[in-house]
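In what follows, a structure is listed as structure tokens, so that the remarks can point back to it.
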Amino acid sequence: MNIVPIRLAAGLLLAAALSACNGPQVTAPTAALIEADAMRAGHAQDAAAERRVRDWAMRGLPVAERELGLLYRMRPAMRAQSMQLFEKSARAGDAEAAFQLGDMYRSGGAGLTVQPEKAAPWYRLAGAQKHAKAALALALMVKNGDGVPLDEAEAARWLALASEWGNPHAMFLLYNAYQNGLGLPRDAAKARHFLEEAAEHEYPPALQELAMAMQHGDALAPGDAVRAGHLMKEATEHRRNNWNRF
């Protein structure tokens with residue numbers, strides 16, 4: 001009798017039996033699915049969707065931890081749990097969670113103490129992952145000495161990074177830095193470049209500032225009353241629409 005095939009068949013049967021006992025493998029949801037459920041839980045008050053997000057967070061999925069943290073952040077009684085979820089997610093590499101945690105330390109709120117010195121490391125962690133809002137927030141803290149040593153050169157460095165990653169508020173502040181020599185050498189041409197960039201992104205203060213420059217002209221460009229009028233009108237419209245500075 002050939003024993004090898006019998007042993008092989010027995011091994012295959014045992015593996016199949018163990019697989020059946022363990023049940024079907026549960027596949028992890030995509031980030032888009034988790035975020036969609038979190039949106040339903042928040043905007044539509046969908047309890048089933050929130051349960052799914054909570055279950056995924058309990059399984060240690062960083063996106064679910066972050067999204068559940070965002071839901072809990074809106075509930076004053078659950079702010080502490082929100083921070084715990086953000087920290088777990090951030091330590092697992094989620095940049096948005098790191099930014100949100102930094103924001104909670106920096107802004108405080110119901111039941112929370114403002115602790116900017118604890119915000120900075122989380123902003124740095126998110127900024128290291130090219131999170132533009134975190135880079136801007138850190139630039140503002142460093143610029144004002146808010147919980148960290150005041151350092152205009154470092155502030156300008158973070159503004160440059162946030163600008164590179166597309167944040168128009170940072171572009172406008174970088175314009176001011178070059179215009180006034182704040183942490184950088186004065187450079188009118190570079191200042192105008194970043195002012196134009198911020199205006200191109202429809203940032204209202206930049207639109208207004210550029211309109212004023214265009215009204216009378218300067219060493220960099222002749223006056224253009226027509227463009228100035230268009231820019232001022234656009235700035236007014238965006239302010240009326242509550243343009244988000246971040």
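By order in the structure tokens, chains are A, B, ...; within a chain, residues start at 1; ligands start at 1, following the order shown.
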
Quick one: residues within 8 Å of A:His131, only C-alpha atoms counted, chain neighbours fewer than 4 positions away excluded, as an mmCIF file with all heavy atoms, in the first residue's frame?
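Output contents, as saved in result-v4.cif:
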```cif
data_model
loop_
_atom_site.group_PDB
_atom_site.id
_atom_site.type_symbol
_atom_site.label_atom_id
_atom_site.label_comp_id
_atom_site.auth_asym_id
_atom_site.auth_seq_id
_atom_site.Cartn_x
_atom_site.Cartn_y
_atom_site.Cartn_z
ATOM 1 N N ALA A 95 -2.004 60.757 8.943
ATOM 2 C CA ALA A 95 -1.634 62.168 9.063
ATOM 3 C C ALA A 95 -2.803 63.030 9.507
ATOM 4 O O ALA A 95 -2.636 63.959 10.303
ATOM 5 C CB ALA A 95 -1.087 62.671 7.725
ATOM 6 N N GLU A 96 -4.002 62.757 8.997
ATOM 7 C CA GLU A 96 -5.164 63.560 9.370
ATOM 8 C C GLU A 96 -5.476 63.408 10.855
ATOM 9 O O GLU A 96 -5.849 64.375 11.524
ATOM 10 C CB GLU A 96 -6.375 63.162 8.526
ATOM 11 C CG GLU A 96 -7.658 63.930 8.838
ATOM 12 C CD GLU A 96 -7.566 65.430 8.565
ATOM 13 O OE1 GLU A 96 -6.702 65.848 7.762
ATOM 14 O OE2 GLU A 96 -8.353 66.185 9.166
ATOM 15 N N PHE A 99 -3.100 65.561 12.740
ATOM 16 C CA PHE A 99 -3.513 66.965 12.647
ATOM 17 C C PHE A 99 -4.683 67.251 13.581
ATOM 18 O O PHE A 99 -4.697 68.259 14.296
ATOM 19 C CB PHE A 99 -3.907 67.309 11.210
ATOM 20 C CG PHE A 99 -4.618 68.636 11.087
ATOM 21 C CD1 PHE A 99 -3.908 69.825 11.227
ATOM 22 C CD2 PHE A 99 -5.979 68.686 10.853
ATOM 23 C CE1 PHE A 99 -4.567 71.054 11.139
ATOM 24 C CE2 PHE A 99 -6.641 69.904 10.767
ATOM 25 C CZ PHE A 99 -5.926 71.093 10.900
ATOM 26 N N ALA A 126 2.228 65.182 11.379
ATOM 27 C CA ALA A 126 1.381 65.291 10.188
ATOM 28 C C ALA A 126 2.104 66.045 9.081
ATOM 29 O O ALA A 126 2.025 65.671 7.902
ATOM 30 C CB ALA A 126 0.069 65.991 10.543
ATOM 31 N N GLY A 127 2.839 67.096 9.448
ATOM 32 C CA GLY A 127 3.571 67.870 8.456
ATOM 33 C C GLY A 127 4.638 67.053 7.764
ATOM 34 O O GLY A 127 4.918 67.253 6.577
ATOM 35 N N ALA A 135 1.128 71.860 8.509
ATOM 36 C CA ALA A 135 2.301 72.707 8.287
ATOM 37 C C ALA A 135 1.957 74.170 8.525
ATOM 38 O O ALA A 135 2.738 74.919 9.132
ATOM 39 C CB ALA A 135 2.831 72.510 6.866
ATOM 40 N N ALA A 162 3.868 74.355 3.299
ATOM 41 C CA ALA A 162 2.414 74.375 3.171
ATOM 42 C C ALA A 162 1.999 74.973 1.830
ATOM 43 O O ALA A 162 1.031 74.529 1.206
ATOM 44 C CB ALA A 162 1.789 75.167 4.320
ATOM 45 N N TRP A 165 2.432 72.517 -0.889
ATOM 46 C CA TRP A 165 1.386 71.496 -0.854
ATOM 47 C C TRP A 165 -0.003 72.074 -1.113
ATOM 48 O O TRP A 165 -1.003 71.396 -0.919
ATOM 49 C CB TRP A 165 1.421 70.765 0.491
ATOM 50 C CG TRP A 165 2.744 70.117 0.759
ATOM 51 C CD1 TRP A 165 3.619 69.624 -0.175
ATOM 52 C CD2 TRP A 165 3.372 69.902 2.033
ATOM 53 N NE1 TRP A 165 4.736 69.113 0.427
ATOM 54 C CE2 TRP A 165 4.630 69.271 1.782
ATOM 55 C CE3 TRP A 165 3.010 70.171 3.353
ATOM 56 C CZ2 TRP A 165 5.500 68.905 2.812
ATOM 57 C CZ3 TRP A 165 3.882 69.818 4.371
ATOM 58 C CH2 TRP A 165 5.117 69.193 4.105
#
```

What is the distance between atom CA of A:Pro204 and atom CA of A:Arg186, in Å to one decimal? 23.5 Å

9 Å contact set for stretch 77-83 of chain A, only C-alpha atoms, chain neighbours under 4 positions out, as an NGL selection string: :A and (65-66 or 68-73 or 87-88 or 100-101 or 104 or 110-112)

Keeping only N, CA, C and O atoms, write those residues as a tab-separated table (two decimals), in the first residue's frame.
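Result file selection_7.tsv:
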```
chain	number	residue	atom	x	y	z
A	65	GLU	N	-10.45	54.43	13.20
A	65	GLU	CA	-10.17	55.12	14.47
A	65	GLU	C	-10.24	56.63	14.28
A	65	GLU	O	-10.82	57.35	15.10
A	66	ARG	N	-9.67	57.10	13.17
A	66	ARG	CA	-9.72	58.54	12.90
A	66	ARG	C	-11.15	59.01	12.68
A	66	ARG	O	-11.58	60.03	13.23
A	68	LEU	N	-13.99	57.63	13.63
A	68	LEU	CA	-14.77	57.56	14.86
A	68	LEU	C	-14.36	58.71	15.79
A	68	LEU	O	-15.21	59.31	16.47
A	69	GLY	N	-13.07	59.04	15.79
A	69	GLY	CA	-12.60	60.18	16.56
A	69	GLY	C	-13.25	61.48	16.11
A	69	GLY	O	-13.62	62.33	16.93
A	70	LEU	N	-13.43	61.64	14.80
A	70	LEU	CA	-14.08	62.83	14.27
A	70	LEU	C	-15.55	62.90	14.71
A	70	LEU	O	-16.06	63.97	15.05
A	71	LEU	N	-16.21	61.74	14.71
A	71	LEU	CA	-17.60	61.70	15.18
A	71	LEU	C	-17.68	62.08	16.66
A	71	LEU	O	-18.53	62.88	17.07
A	72	TYR	N	-16.78	61.51	17.45
A	72	TYR	CA	-16.80	61.77	18.89
A	72	TYR	C	-16.38	63.20	19.22
A	72	TYR	O	-16.79	63.75	20.25
A	73	ARG	N	-15.58	63.79	18.36
A	73	ARG	CA	-15.13	65.17	18.64
A	73	ARG	C	-16.30	66.13	18.67
A	73	ARG	O	-16.27	67.15	19.37
A	87	GLU	N	-5.01	59.56	18.69
A	87	GLU	CA	-3.64	59.21	19.01
A	87	GLU	C	-3.29	57.82	18.48
A	87	GLU	O	-2.20	57.61	17.91
A	88	LYS	N	-4.19	56.85	18.65
A	88	LYS	CA	-3.94	55.51	18.14
A	88	LYS	C	-3.76	55.53	16.63
A	88	LYS	O	-2.85	54.92	16.08
A	100	GLN	N	-5.69	66.38	13.59
A	100	GLN	CA	-6.87	66.59	14.44
A	100	GLN	C	-6.49	66.60	15.91
A	100	GLN	O	-7.01	67.39	16.69
A	101	LEU	N	-5.58	65.71	16.31
A	101	LEU	CA	-5.15	65.66	17.70
A	101	LEU	C	-4.41	66.96	18.07
A	101	LEU	O	-4.66	67.55	19.13
A	104	MET	N	-6.92	69.70	18.58
A	104	MET	CA	-7.65	69.63	19.84
A	104	MET	C	-6.79	70.17	20.99
A	104	MET	O	-7.29	70.89	21.86
A	110	ALA	N	-14.78	72.34	24.96
A	110	ALA	CA	-15.53	71.83	26.10
A	110	ALA	C	-14.78	70.70	26.80
A	110	ALA	O	-14.52	69.66	26.20
A	111	GLY	N	-14.44	70.93	28.06
A	111	GLY	CA	-13.79	69.88	28.85
A	111	GLY	C	-12.32	69.68	28.56
A	111	GLY	O	-11.69	68.81	29.15
A	112	LEU	N	-11.74	70.48	27.66
A	112	LEU	CA	-10.34	70.31	27.29
A	112	LEU	C	-9.54	71.55	27.63
A	112	LEU	O	-10.03	72.67	27.50
```

So, with only C-alpha atoms as the atoms that count, which of A:Glu67, A:Glu234, A:Glu197, A:Glu202 lies closest to A:Asp37? A:Glu67

Residues near stretch 139-152 of chain A, cut-off 6 Å, only C-alpha atoms, skip fewer than 5 positions along chain, as a ChimeraX atom specification: /A:116-117,158-159,183

Can you pull out the residues contacting A:Ala64? Cut-off 8 Å, using only C-alpha atoms, and skip same-chain residues under 2 positions away; I want them as a PyMOL selection string. chain A and resi 31+34-35+53-54+56-57+60-62+66-68

With only C-alpha atoms as the counted atoms, please give the residues lying no more than 9 Å from A:Ala41, apart from itself and same-chain residues fewer than 5 positions off, as a PyMOL selection string. chain A and resi 36+46-51+53+71

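When only C-alpha atoms are used to measure the gap to A:Lys233, the shortest distance among A:Ala221, A:Ala170, A:Leu207, A:Ala156 belongs to A:Leu207.
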
Could you give me, as a ChimeraX atom specification, each residue of stretch 29-236 of chain A that DSSP assigns to helix (DSSP H, G or I) when run on this structure's backbone? /A:31-43,47-58,62-73,76-91,95-107,116-127,132-144,152-164,168-180,188-200,204-216,225-236
